[in-house]
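Participant: As input, take entry.tsv (TSV, C-alpha atoms and all ligand atoms):
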chain	number	residue	atom	x	y	z
P	1	MET	CA	-57.17	8.30	-28.49
P	2	ILE	CA	-58.84	10.09	-25.59
P	3	ALA	CA	-62.10	11.97	-26.18
P	4	ILE	CA	-62.48	15.14	-24.13
P	5	GLY	CA	-65.32	17.59	-23.71
P	6	CYS	CA	-66.65	20.23	-21.36
P	7	ASP	CA	-69.07	23.11	-20.92
P	8	HIS	CA	-68.12	26.66	-19.96
P	9	GLY	CA	-67.74	25.60	-16.31
P	10	GLY	CA	-65.08	23.08	-17.30
P	11	TYR	CA	-63.42	24.98	-20.14
P	12	GLN	CA	-60.33	26.21	-18.24
P	13	LEU	CA	-59.64	22.83	-16.62
P	14	LYS	CA	-60.10	21.10	-19.95
P	15	GLN	CA	-57.30	23.26	-21.41
P	16	VAL	CA	-55.04	22.20	-18.51
P	17	VAL	CA	-55.95	18.52	-18.93
P	18	MET	CA	-55.31	18.65	-22.69
P	19	GLU	CA	-51.88	20.19	-22.11
P	20	HIS	CA	-51.14	17.43	-19.60
P	21	LEU	CA	-52.19	14.73	-22.06
P	22	LYS	CA	-49.96	16.31	-24.70
P	23	GLU	CA	-47.00	16.32	-22.29
P	24	ARG	CA	-47.66	12.64	-21.66
P	25	GLY	CA	-47.67	11.96	-25.39
P	26	LEU	CA	-51.34	10.93	-25.36
P	27	ALA	CA	-53.47	11.93	-28.34
P	28	CYS	CA	-56.84	13.46	-27.61
P	29	ARG	CA	-59.80	14.65	-29.63
P	30	ASP	CA	-61.49	17.78	-28.34
P	31	PHE	CA	-65.27	17.73	-28.76
P	32	GLY	CA	-65.70	21.25	-27.35
P	33	THR	CA	-66.84	23.56	-26.03
P	34	TYR	CA	-64.16	25.77	-27.56
P	35	SER	CA	-64.64	28.96	-25.54
P	36	PRO	CA	-65.64	29.97	-22.01
P	37	ASP	CA	-68.97	31.35	-23.27
P	38	PRO	CA	-72.04	29.85	-21.56
P	39	CYS	CA	-73.34	26.73	-23.29
P	40	ASP	CA	-75.37	23.58	-22.59
P	41	TYR	CA	-73.40	20.56	-21.40
P	42	PRO	CA	-75.59	17.65	-22.64
P	43	GLY	CA	-74.50	17.93	-26.29
P	44	TYR	CA	-70.80	17.84	-25.42
P	45	ALA	CA	-71.31	14.92	-23.06
P	46	ARG	CA	-73.21	13.05	-25.77
P	47	ALA	CA	-70.55	13.69	-28.42
P	48	VAL	CA	-67.76	12.35	-26.19
P	49	SER	CA	-69.91	9.41	-25.11
P	50	HIS	CA	-70.71	8.36	-28.67
P	51	ALA	CA	-67.04	8.57	-29.65
P	52	VAL	CA	-66.23	6.16	-26.81
P	53	ALA	CA	-69.25	3.89	-27.28
P	54	ASP	CA	-68.57	3.63	-31.03
P	55	GLY	CA	-64.92	2.70	-30.40
P	56	GLU	CA	-63.51	5.79	-32.07
P	57	CYS	CA	-61.85	6.70	-28.74
P	58	GLU	CA	-60.74	4.33	-25.97
P	59	LYS	CA	-61.73	6.54	-23.06
P	60	GLY	CA	-63.32	9.91	-22.43
P	61	ILE	CA	-62.94	12.82	-20.05
P	62	LEU	CA	-65.85	15.19	-19.38
P	63	ILE	CA	-65.67	18.34	-17.29
P	64	CYS	CA	-68.41	20.75	-16.21
P	65	GLY	CA	-68.82	22.90	-13.11
P	66	THR	CA	-69.74	20.02	-10.82
P	67	GLY	CA	-69.15	17.02	-13.08
P	68	ILE	CA	-72.68	15.93	-12.26
P	69	GLY	CA	-74.50	17.13	-15.37
P	70	VAL	CA	-72.02	15.62	-17.80
P	71	SER	CA	-71.95	12.30	-15.93
P	72	ILE	CA	-75.75	12.04	-15.93
P	73	ALA	CA	-75.88	12.82	-19.66
P	74	ALA	CA	-73.02	10.44	-20.51
P	75	ASN	CA	-74.56	7.52	-18.65
P	76	LYS	CA	-77.66	7.68	-20.85
P	77	VAL	CA	-75.60	6.47	-23.82
P	78	PRO	CA	-75.57	2.64	-24.06
P	79	GLY	CA	-72.15	1.17	-23.31
P	80	ILE	CA	-71.00	4.17	-21.31
P	81	ARG	CA	-69.90	3.83	-17.72
P	82	ALA	CA	-69.11	7.38	-16.66
P	83	ALA	CA	-67.66	7.86	-13.18
P	84	LEU	CA	-67.70	11.16	-11.33
P	85	CYS	CA	-64.41	11.26	-9.40
P	86	HIS	CA	-62.98	13.91	-7.15
P	87	ASP	CA	-60.49	11.74	-5.28
P	88	CYS	CA	-57.71	9.35	-6.22
P	89	PHE	CA	-59.21	6.29	-4.53
P	90	SER	CA	-62.40	6.55	-6.60
P	91	ALA	CA	-60.50	7.10	-9.85
P	92	GLN	CA	-58.48	3.91	-9.31
P	93	ALA	CA	-61.40	1.88	-7.95
P	94	THR	CA	-63.78	2.78	-10.77
P	95	ARG	CA	-61.28	1.48	-13.32
P	96	GLU	CA	-60.58	-1.71	-11.34
P	97	HIS	CA	-64.18	-2.46	-10.37
P	98	ASN	CA	-66.46	-0.74	-12.91
P	99	ASP	CA	-64.22	-0.62	-15.99
P	100	ALA	CA	-65.40	2.98	-16.28
P	101	ASN	CA	-64.78	4.35	-19.75
P	102	ILE	CA	-65.48	8.02	-19.06
P	103	LEU	CA	-64.10	10.16	-16.24
P	104	ALA	CA	-66.29	13.08	-15.16
P	105	MET	CA	-64.93	15.90	-13.00
P	106	GLY	CA	-66.19	19.21	-11.66
P	107	ALA	CA	-63.87	22.15	-12.21
P	108	ARG	CA	-65.61	24.10	-9.44
P	109	VAL	CA	-65.04	21.23	-7.01
P	110	ILE	CA	-61.35	20.33	-7.27
P	111	GLY	CA	-58.08	22.06	-8.08
P	112	GLU	CA	-55.91	21.45	-11.12
P	113	GLY	CA	-53.25	19.43	-9.31
P	114	LEU	CA	-55.71	16.88	-7.95
P	115	ALA	CA	-57.57	16.77	-11.26
P	116	LEU	CA	-54.39	15.78	-13.13
P	117	LYS	CA	-53.60	13.06	-10.56
P	118	ILE	CA	-57.13	11.71	-11.03
P	119	VAL	CA	-56.73	11.79	-14.83
P	120	ASP	CA	-53.46	9.83	-14.60
P	121	LEU	CA	-54.93	7.20	-12.28
P	122	PHE	CA	-57.99	6.85	-14.46
P	123	LEU	CA	-55.97	6.41	-17.65
P	124	ASP	CA	-53.26	4.18	-16.17
P	125	THR	CA	-55.29	1.76	-14.05
P	126	PRO	CA	-56.46	-1.40	-15.84
P	127	PHE	CA	-59.76	-3.19	-15.19
P	128	SER	CA	-59.18	-5.95	-12.63
P	129	ASN	CA	-60.90	-8.54	-14.86
P	130	GLN	CA	-62.16	-10.27	-11.74
P	131	GLU	CA	-65.26	-12.34	-12.41
P	132	ARG	CA	-67.40	-10.69	-9.75
P	133	HIS	CA	-66.75	-7.25	-11.22
P	134	ALA	CA	-67.32	-8.45	-14.80
P	135	ARG	CA	-70.60	-10.02	-13.68
P	136	ARG	CA	-71.79	-6.80	-12.07
P	137	ILE	CA	-70.98	-4.82	-15.20
P	138	ARG	CA	-72.96	-7.36	-17.27
P	139	LEU	CA	-75.87	-6.95	-14.87
P	140	ILE	CA	-75.81	-3.19	-15.42
P	141	GLU	CA	-75.79	-3.69	-19.19
P	142	GLU	CA	-78.65	-6.17	-19.09
P	143	SER	CA	-80.92	-4.02	-16.94
P	144	ASP	CA	-83.57	-2.02	-18.75
P	145	ASP	CA	-85.92	-0.80	-16.04
W	201	LIG	C1	-73.15	25.48	-15.36
W	201	LIG	O1	-73.40	26.62	-14.63
W	201	LIG	C2	-73.26	24.23	-14.48
W	201	LIG	O2	-74.60	24.02	-14.15
W	201	LIG	C3	-72.70	23.04	-15.17
W	201	LIG	O3	-71.36	23.27	-15.48
W	201	LIG	C4	-72.70	21.74	-14.39
W	201	LIG	O4	-72.18	21.94	-13.10
W	201	LIG	C5	-73.96	21.00	-14.38
W	201	LIG	O5	-74.08	19.93	-13.78
Would you mind writing the structure in this file as structure tokens?
Ligand code: RB5

Facilitator:
Amino acid sequence: MIAIGCDHGGYQLKQVVMEHLKERGLACRDFGTYSPDPCDYPGYARAVSHAVADGECEKGILICGTGIGVSIAANKVPGIRAALCHDCFSAQATREHNDANILAMGARVIGEGLALKIVDLFLDTPFSNQERHARRIRLIEESDD
């Protein structure tokens, strides 16, 4: 199950991504927002992040205008590694190296075609399981500055 959420800036792209997931036969749970009316992104980012951190959903996708606000909010939730990706290399690398569990994108930054490629790479690329990457993820989890 994929958790998905957005604010008004990401609403239209979220509809496109959900349709794409459906075509791929992937189930998703939509945490809103449910209209293009202006709203505040932190609550939607938090809802998706908790669904992933609690194990209710395997991965999450968050979309706002830039992707920045939702990624900042998501990364405040313990256990979340949200990656802001606007290119294919980063989407693949963040799965392989960071075991990122949430993909953040900015609908005002990239087009729909690239966004769907990024979604596919993010969902289809496994974590490398290499010790050096696992160690670095542990170090992130252990840090409480
Ligand atoms: C909304 O205008 C915009 O600020 C929001 O979608 C996002 O880009 C914030 O980081």

Participant: Give the residues close to ligand LIG 201 (chain W), within 8 Å, counting only C-alpha atoms and all ligand atoms; write them as a list of chain:residue names.

Facilitator: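 Those residues are P:Asp7, P:His8, P:Gly9, P:Gly10, P:Pro38, P:Asp40, P:Tyr41, P:Ile63, P:Cys64, P:Gly65, P:Thr66, P:Gly67, P:Ile68, P:Gly69, P:Val70, P:Gly106, P:Arg108.
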
Participant: Please compute the atom CA of P:Ile110-atom CA of P:His86 distance, one decimal, in Å.

Facilitator: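 According to the coordinates, atom CA of P:Ile110 and atom CA of P:His86 are separated by 6.6 Å.
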
Participant: Between P:Ala51, P:Cys88, P:Ile72, P:Ile80, which is the closest to P:Leu116 once you count only C-alpha atoms?

Facilitator: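 Distance minimum relative to P:Leu116 lands on P:Cys88.
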
Participant: If we count only C-alpha atoms and set the cut-off at 12 Å, which residues sit around P:Cys6, ignoring sequence neighbours fewer than 5 positions away in its own chain? Please answer as JSON, numbers by chain.

Facilitator: {"P": [11, 12, 13, 14, 15, 17, 18, 30, 31, 32, 33, 34, 35, 36, 37, 38, 39, 40, 41, 42, 43, 44, 45, 46, 47, 48, 49, 60, 61, 62, 63, 64, 65, 66, 67, 68, 69, 70, 71, 73, 74, 103, 104, 105, 106, 107]}

Participant: Do you have the atom CA of P:Glu131-atom CA of P:Met1 distance handy?

Facilitator: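 Taking atom CA of P:Glu131 and atom CA of P:Met1, their separation equals 27.4 Å.
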
Participant: Check the smallest atom-to-atom distance from each of P:Arg135, P:Gly79, P:Ile118, P:Arg95 to P:Asp54 using all atoms listed in the file, then report the winner.

Facilitator: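 Nearest candidate to P:Asp54 out of P:Arg135, P:Gly79, P:Ile118, P:Arg95: P:Gly79.
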
Participant: Which of these residues is nearest to P:Glu141, using all atoms listed in the file: P:Arg81, P:His50, P:Arg24, P:Lys117?

Facilitator: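 The closest residue to P:Glu141 is P:Arg81.
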
Participant: Which residues come within 8 Å of P:Asp87, counting all atoms listed in the file, excluding same-chain residues fewer than 2 positions away, as a list in words?

Facilitator: Cys85, Phe89, Ser90, Ala91, Leu114 and Ile118 of chain P

Participant: May I have the selected residues written with C-alpha atoms, as a compact mmCIF listing (two decimals), in the coordinates of the input?

Facilitator:
# COMPACT_ATOMS: atom_id res chain seq x y z
CA CYS P 85 -64.41 11.26 -9.40
CA PHE P 89 -59.21 6.29 -4.53
CA SER P 90 -62.40 6.55 -6.60
CA ALA P 91 -60.50 7.10 -9.85
CA LEU P 114 -55.71 16.88 -7.95
CA ILE P 118 -57.13 11.71 -11.03

Participant: Provide the atom CA of P:Gly5 to atom CA of P:Ala93 distance in Å, to one decimal place.

Facilitator: 22.6 Å

Participant: Got a sec: who's within 6 Å of P:Phe127, counting all atoms listed in the file, leaving out chain neighbours fewer than 2 positions off, as a list in words?

Facilitator: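 Neighbouring residues, sequence-local ones excluded: Arg95, Glu96, Asp99 and Asn129 of chain P.
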